[in-house]
$ cat upload33.txt   # compact mmCIF, C-alpha atoms
# COMPACT_ATOMS: atom_id res chain seq x y z
CA MET A 1432 10.21 -0.67 8.67
CA VAL A 1433 7.29 -0.10 10.97
CA GLY A 1434 4.31 1.61 9.36
CA LEU A 1435 4.05 5.29 10.09
CA LEU A 1436 1.17 7.69 10.15
CA PHE A 1437 0.36 11.35 10.39
CA GLN A 1438 -2.92 13.06 11.12
CA PHE A 1439 -4.64 15.96 9.41
CA ARG A 1440 -8.01 17.20 10.65
CA THR A 1441 -10.37 14.19 10.51
CA HIS A 1442 -8.11 11.90 8.49
CA LYS A 1443 -4.82 10.13 8.91
CA VAL A 1444 -2.38 8.85 6.31
CA ILE A 1445 -0.88 5.46 6.98
CA TYR A 1446 2.15 4.47 4.93
CA ARG A 1447 4.75 1.76 4.78
CA ARG A 1448 7.96 1.39 2.79
CA TYR A 1449 8.90 -1.80 0.98
CA ALA A 1450 12.25 -1.89 -0.83
CA GLY A 1451 12.11 1.70 -2.02
CA LEU A 1452 8.36 1.73 -2.71
CA PHE A 1453 5.97 3.66 -0.50
CA PHE A 1454 2.36 2.51 -0.15
CA SER A 1455 -0.07 4.89 1.53
CA ILE A 1456 -3.73 4.97 2.53
CA CYS A 1457 -5.80 7.91 3.76
CA VAL A 1458 -8.38 6.78 6.33
CA ASP A 1459 -10.73 8.16 8.95
CA ILE A 1460 -9.08 9.18 12.21
CA THR A 1461 -11.08 6.56 14.16
CA ASP A 1462 -9.97 3.60 12.00
CA ASN A 1463 -7.48 1.03 13.23
CA GLU A 1464 -4.07 1.68 11.67
CA LEU A 1465 -2.82 -1.86 12.33
CA ALA A 1466 -5.57 -3.30 10.14
CA TYR A 1467 -4.57 -0.99 7.31
CA LEU A 1468 -0.89 -1.85 7.72
CA GLU A 1469 -1.89 -5.49 7.33
CA CYS A 1470 -3.85 -4.57 4.17
CA ILE A 1471 -0.80 -2.81 2.74
CA HIS A 1472 1.33 -5.85 3.54
CA LEU A 1473 -1.17 -8.20 1.87
CA PHE A 1474 -1.34 -5.96 -1.22
CA VAL A 1475 2.47 -5.95 -1.51
CA GLU A 1476 2.56 -9.74 -1.18
CA ILE A 1477 -0.05 -10.10 -3.94
CA LEU A 1478 1.89 -7.72 -6.21
CA ASP A 1479 5.12 -9.56 -5.43
CA HIS A 1480 3.53 -12.87 -6.42
CA PHE A 1481 1.88 -11.40 -9.53
CA PHE A 1482 5.00 -9.62 -10.84
CA SER A 1483 7.67 -11.97 -9.42
CA ASN A 1484 9.51 -9.50 -7.16
CA VAL A 1485 7.67 -6.25 -7.87
CA CYS A 1486 9.58 -3.01 -8.51
CA GLU A 1487 8.56 0.55 -9.33
CA LEU A 1488 8.86 -0.07 -13.07
CA ASP A 1489 6.26 -2.83 -12.83
CA LEU A 1490 3.87 -0.38 -11.19
CA VAL A 1491 4.52 2.41 -13.70
CA PHE A 1492 4.46 0.43 -16.94
CA ASN A 1493 1.76 -2.06 -15.91
CA PHE A 1494 -0.59 0.28 -14.10
CA HIS A 1495 -3.62 -1.34 -15.76
CA LYS A 1496 -2.58 -4.73 -14.29
CA VAL A 1497 -2.06 -3.22 -10.83
CA THR A 1498 -5.54 -1.70 -11.02
CA ALA A 1499 -6.99 -5.07 -12.02
CA VAL A 1500 -5.24 -6.76 -9.09
CA SER A 1501 -6.38 -4.13 -6.58
CA LEU A 1502 -10.00 -4.05 -7.78
CA GLY A 1503 -10.24 -7.76 -8.59

$ encode --input "upload33.txt" --output "structure tokens"
Amino acid sequence: MVGLLFQFRTHKVIYRRYAGLFFSICVDITDNELAYLECIHLFVEILDHFFSNVCELDLVFNFHKVTAVSLG
């Protein structure tokens, strides 16, 4: 699915769906949405490698690990 976005005042929300999971980022209206779609894709690939085929239960029950991966 192609990443979608919607705008609200001076921000826009960019989101993308991967196998039932939605990943979203709120950014400034002047930012490049393609760069953020690539960031979402990279984050999903990292999670997929870390959890061996990530699903929503991995994100819910291992939130501390997801936070460590995203901030690491």

$ closest_residue --input "upload33.txt" --among "A:His1442, A:His1480, A:Lys1496, A:His1472" --to "Cys1457 of chain A" --atoms "all atoms listed in the file"
A:His1442

$ residues_around --input "upload33.txt" --residues "Thr1461 of chain A" --least-positions-apart "2" --cutoff "9 Å" --atoms "all atoms listed in the file" --output "PDB file with C-alpha atoms, in the coordinates of the input"
ATOM      1  CA  THR A1441     -10.370  14.190  10.510  1.00  0.00           C
ATOM      2  CA  HIS A1442      -8.110  11.900   8.490  1.00  0.00           C
ATOM      3  CA  LYS A1443      -4.820  10.130   8.910  1.00  0.00           C
ATOM      4  CA  VAL A1458      -8.380   6.780   6.330  1.00  0.00           C
ATOM      5  CA  ASP A1459     -10.730   8.160   8.950  1.00  0.00           C
ATOM      6  CA  ASN A1463      -7.480   1.030  13.230  1.00  0.00           C
ATOM      7  CA  GLU A1464      -4.070   1.680  11.670  1.00  0.00           C
TER       8      GLU A1464
END

$ residues_around --input "upload33.txt" --residues "segment 1498-1501 of chain A" --least-positions-apart "6" --cutoff "10 Å" --atoms "all atoms listed in the file" --output "JSON, numbers by chain"
{"A": [1474, 1477, 1478, 1481, 1490]}

$ residues_around --input "upload33.txt" --residues "Glu1469 of chain A" --least-positions-apart "2" --cutoff "12 Å" --atoms "only C-alpha atoms" --output "PyMOL selection string"
chain A and resi 1433-1434+1445-1447+1454+1456+1463-1467+1471-1476

$ closest_residue --input "upload33.txt" --among "A:Leu1468, A:Val1497, A:Leu1502, A:Leu1488" --to "Leu1452 of chain A" --atoms "all atoms listed in the file"
A:Leu1488

$ closest_residue --input "upload33.txt" --among "A:Cys1470, A:Phe1492, A:Gln1438, A:Asp1479" --to "Ala1450 of chain A" --atoms "only C-alpha atoms"
A:Asp1479

$ atom_distance --input "upload33.txt" --atom1 "atom CA of Phe1437 of chain A" --atom2 "atom CA of Val1485 of chain A"
26.4 Å

$ atom_distance --input "upload33.txt" --atom1 "atom CA of Cys1486 of chain A" --atom2 "atom CA of Leu1436 of chain A"
23.1 Å

$ axis_aligned_box --input "upload33.txt" --around "segment 1439-1447 of chain A" --padding-each-side "8 Å" --output "lines of an AutoDock Vina configuration file"
center_x = -2.8
center_y = 9.5
center_z = 7.7
size_x = 31.1
size_y = 31.4
size_z = 21.9

$ decode --input "upload33.txt" --residues "segment 1455-1502 of chain A" --atoms "C-alpha atoms" --output "PDB file, in the first residue's frame"
ATOM      1  CA  SER A1455       2.164   6.894  11.631  1.00  0.00           C
ATOM      2  CA  ILE A1456       4.304   9.995  12.055  1.00  0.00           C
ATOM      3  CA  CYS A1457       3.197  13.593  12.613  1.00  0.00           C
ATOM      4  CA  VAL A1458       5.567  16.035  10.885  1.00  0.00           C
ATOM      5  CA  ASP A1459       5.803  19.655   9.827  1.00  0.00           C
ATOM      6  CA  ILE A1460       3.862  20.538   6.692  1.00  0.00           C
ATOM      7  CA  THR A1461       7.083  21.499   4.846  1.00  0.00           C
ATOM      8  CA  ASP A1462       8.826  18.142   5.436  1.00  0.00           C
ATOM      9  CA  ASN A1463       9.288  15.598   2.674  1.00  0.00           C
ATOM     10  CA  GLU A1464       6.757  12.782   3.071  1.00  0.00           C
ATOM     11  CA  LEU A1465       8.768  10.337   0.944  1.00  0.00           C
ATOM     12  CA  ALA A1466      11.672  10.517   3.387  1.00  0.00           C
ATOM     13  CA  TYR A1467       9.343   9.691   6.260  1.00  0.00           C
ATOM     14  CA  LEU A1468       7.755   6.824   4.342  1.00  0.00           C
ATOM     15  CA  GLU A1469      11.261   5.429   3.899  1.00  0.00           C
ATOM     16  CA  CYS A1470      11.858   5.837   7.656  1.00  0.00           C
ATOM     17  CA  ILE A1471       8.660   3.929   8.407  1.00  0.00           C
ATOM     18  CA  HIS A1472       9.728   1.188   6.005  1.00  0.00           C
ATOM     19  CA  LEU A1473      13.177   0.945   7.622  1.00  0.00           C
ATOM     20  CA  PHE A1474      11.632   0.799  11.111  1.00  0.00           C
ATOM     21  CA  VAL A1475       9.308  -2.032  10.037  1.00  0.00           C
ATOM     22  CA  GLU A1476      12.236  -3.943   8.531  1.00  0.00           C
ATOM     23  CA  ILE A1477      14.217  -3.562  11.768  1.00  0.00           C
ATOM     24  CA  LEU A1478      11.247  -4.748  13.845  1.00  0.00           C
ATOM     25  CA  ASP A1479      10.701  -7.650  11.452  1.00  0.00           C
ATOM     26  CA  HIS A1480      14.322  -8.716  11.842  1.00  0.00           C
ATOM     27  CA  PHE A1481      14.289  -8.226  15.629  1.00  0.00           C
ATOM     28  CA  PHE A1482      11.032 -10.124  16.250  1.00  0.00           C
ATOM     29  CA  SER A1483      11.196 -12.589  13.332  1.00  0.00           C
ATOM     30  CA  ASN A1484       8.033 -11.548  11.466  1.00  0.00           C
ATOM     31  CA  VAL A1485       6.611  -8.863  13.753  1.00  0.00           C
ATOM     32  CA  CYS A1486       2.911  -8.809  14.665  1.00  0.00           C
ATOM     33  CA  GLU A1487       0.749  -6.597  16.863  1.00  0.00           C
ATOM     34  CA  LEU A1488       1.204  -8.884  19.868  1.00  0.00           C
ATOM     35  CA  ASP A1489       4.967  -8.371  19.696  1.00  0.00           C
ATOM     36  CA  LEU A1490       4.431  -4.624  19.851  1.00  0.00           C
ATOM     37  CA  VAL A1491       1.918  -4.790  22.708  1.00  0.00           C
ATOM     38  CA  PHE A1492       3.649  -7.302  24.978  1.00  0.00           C
ATOM     39  CA  ASN A1493       7.227  -6.211  24.222  1.00  0.00           C
ATOM     40  CA  PHE A1494       6.744  -2.462  24.183  1.00  0.00           C
ATOM     41  CA  HIS A1495       9.942  -1.943  26.196  1.00  0.00           C
ATOM     42  CA  LYS A1496      11.925  -3.777  23.476  1.00  0.00           C
ATOM     43  CA  VAL A1497      10.280  -1.727  20.707  1.00  0.00           C
ATOM     44  CA  THR A1498      11.213   1.451  22.567  1.00  0.00           C
ATOM     45  CA  ALA A1499      14.803   0.238  22.896  1.00  0.00           C
ATOM     46  CA  VAL A1500      14.956  -0.529  19.174  1.00  0.00           C
ATOM     47  CA  SER A1501      13.471   2.844  18.181  1.00  0.00           C
ATOM     48  CA  LEU A1502      15.665   4.894  20.525  1.00  0.00           C
TER      49      LEU A1502
END
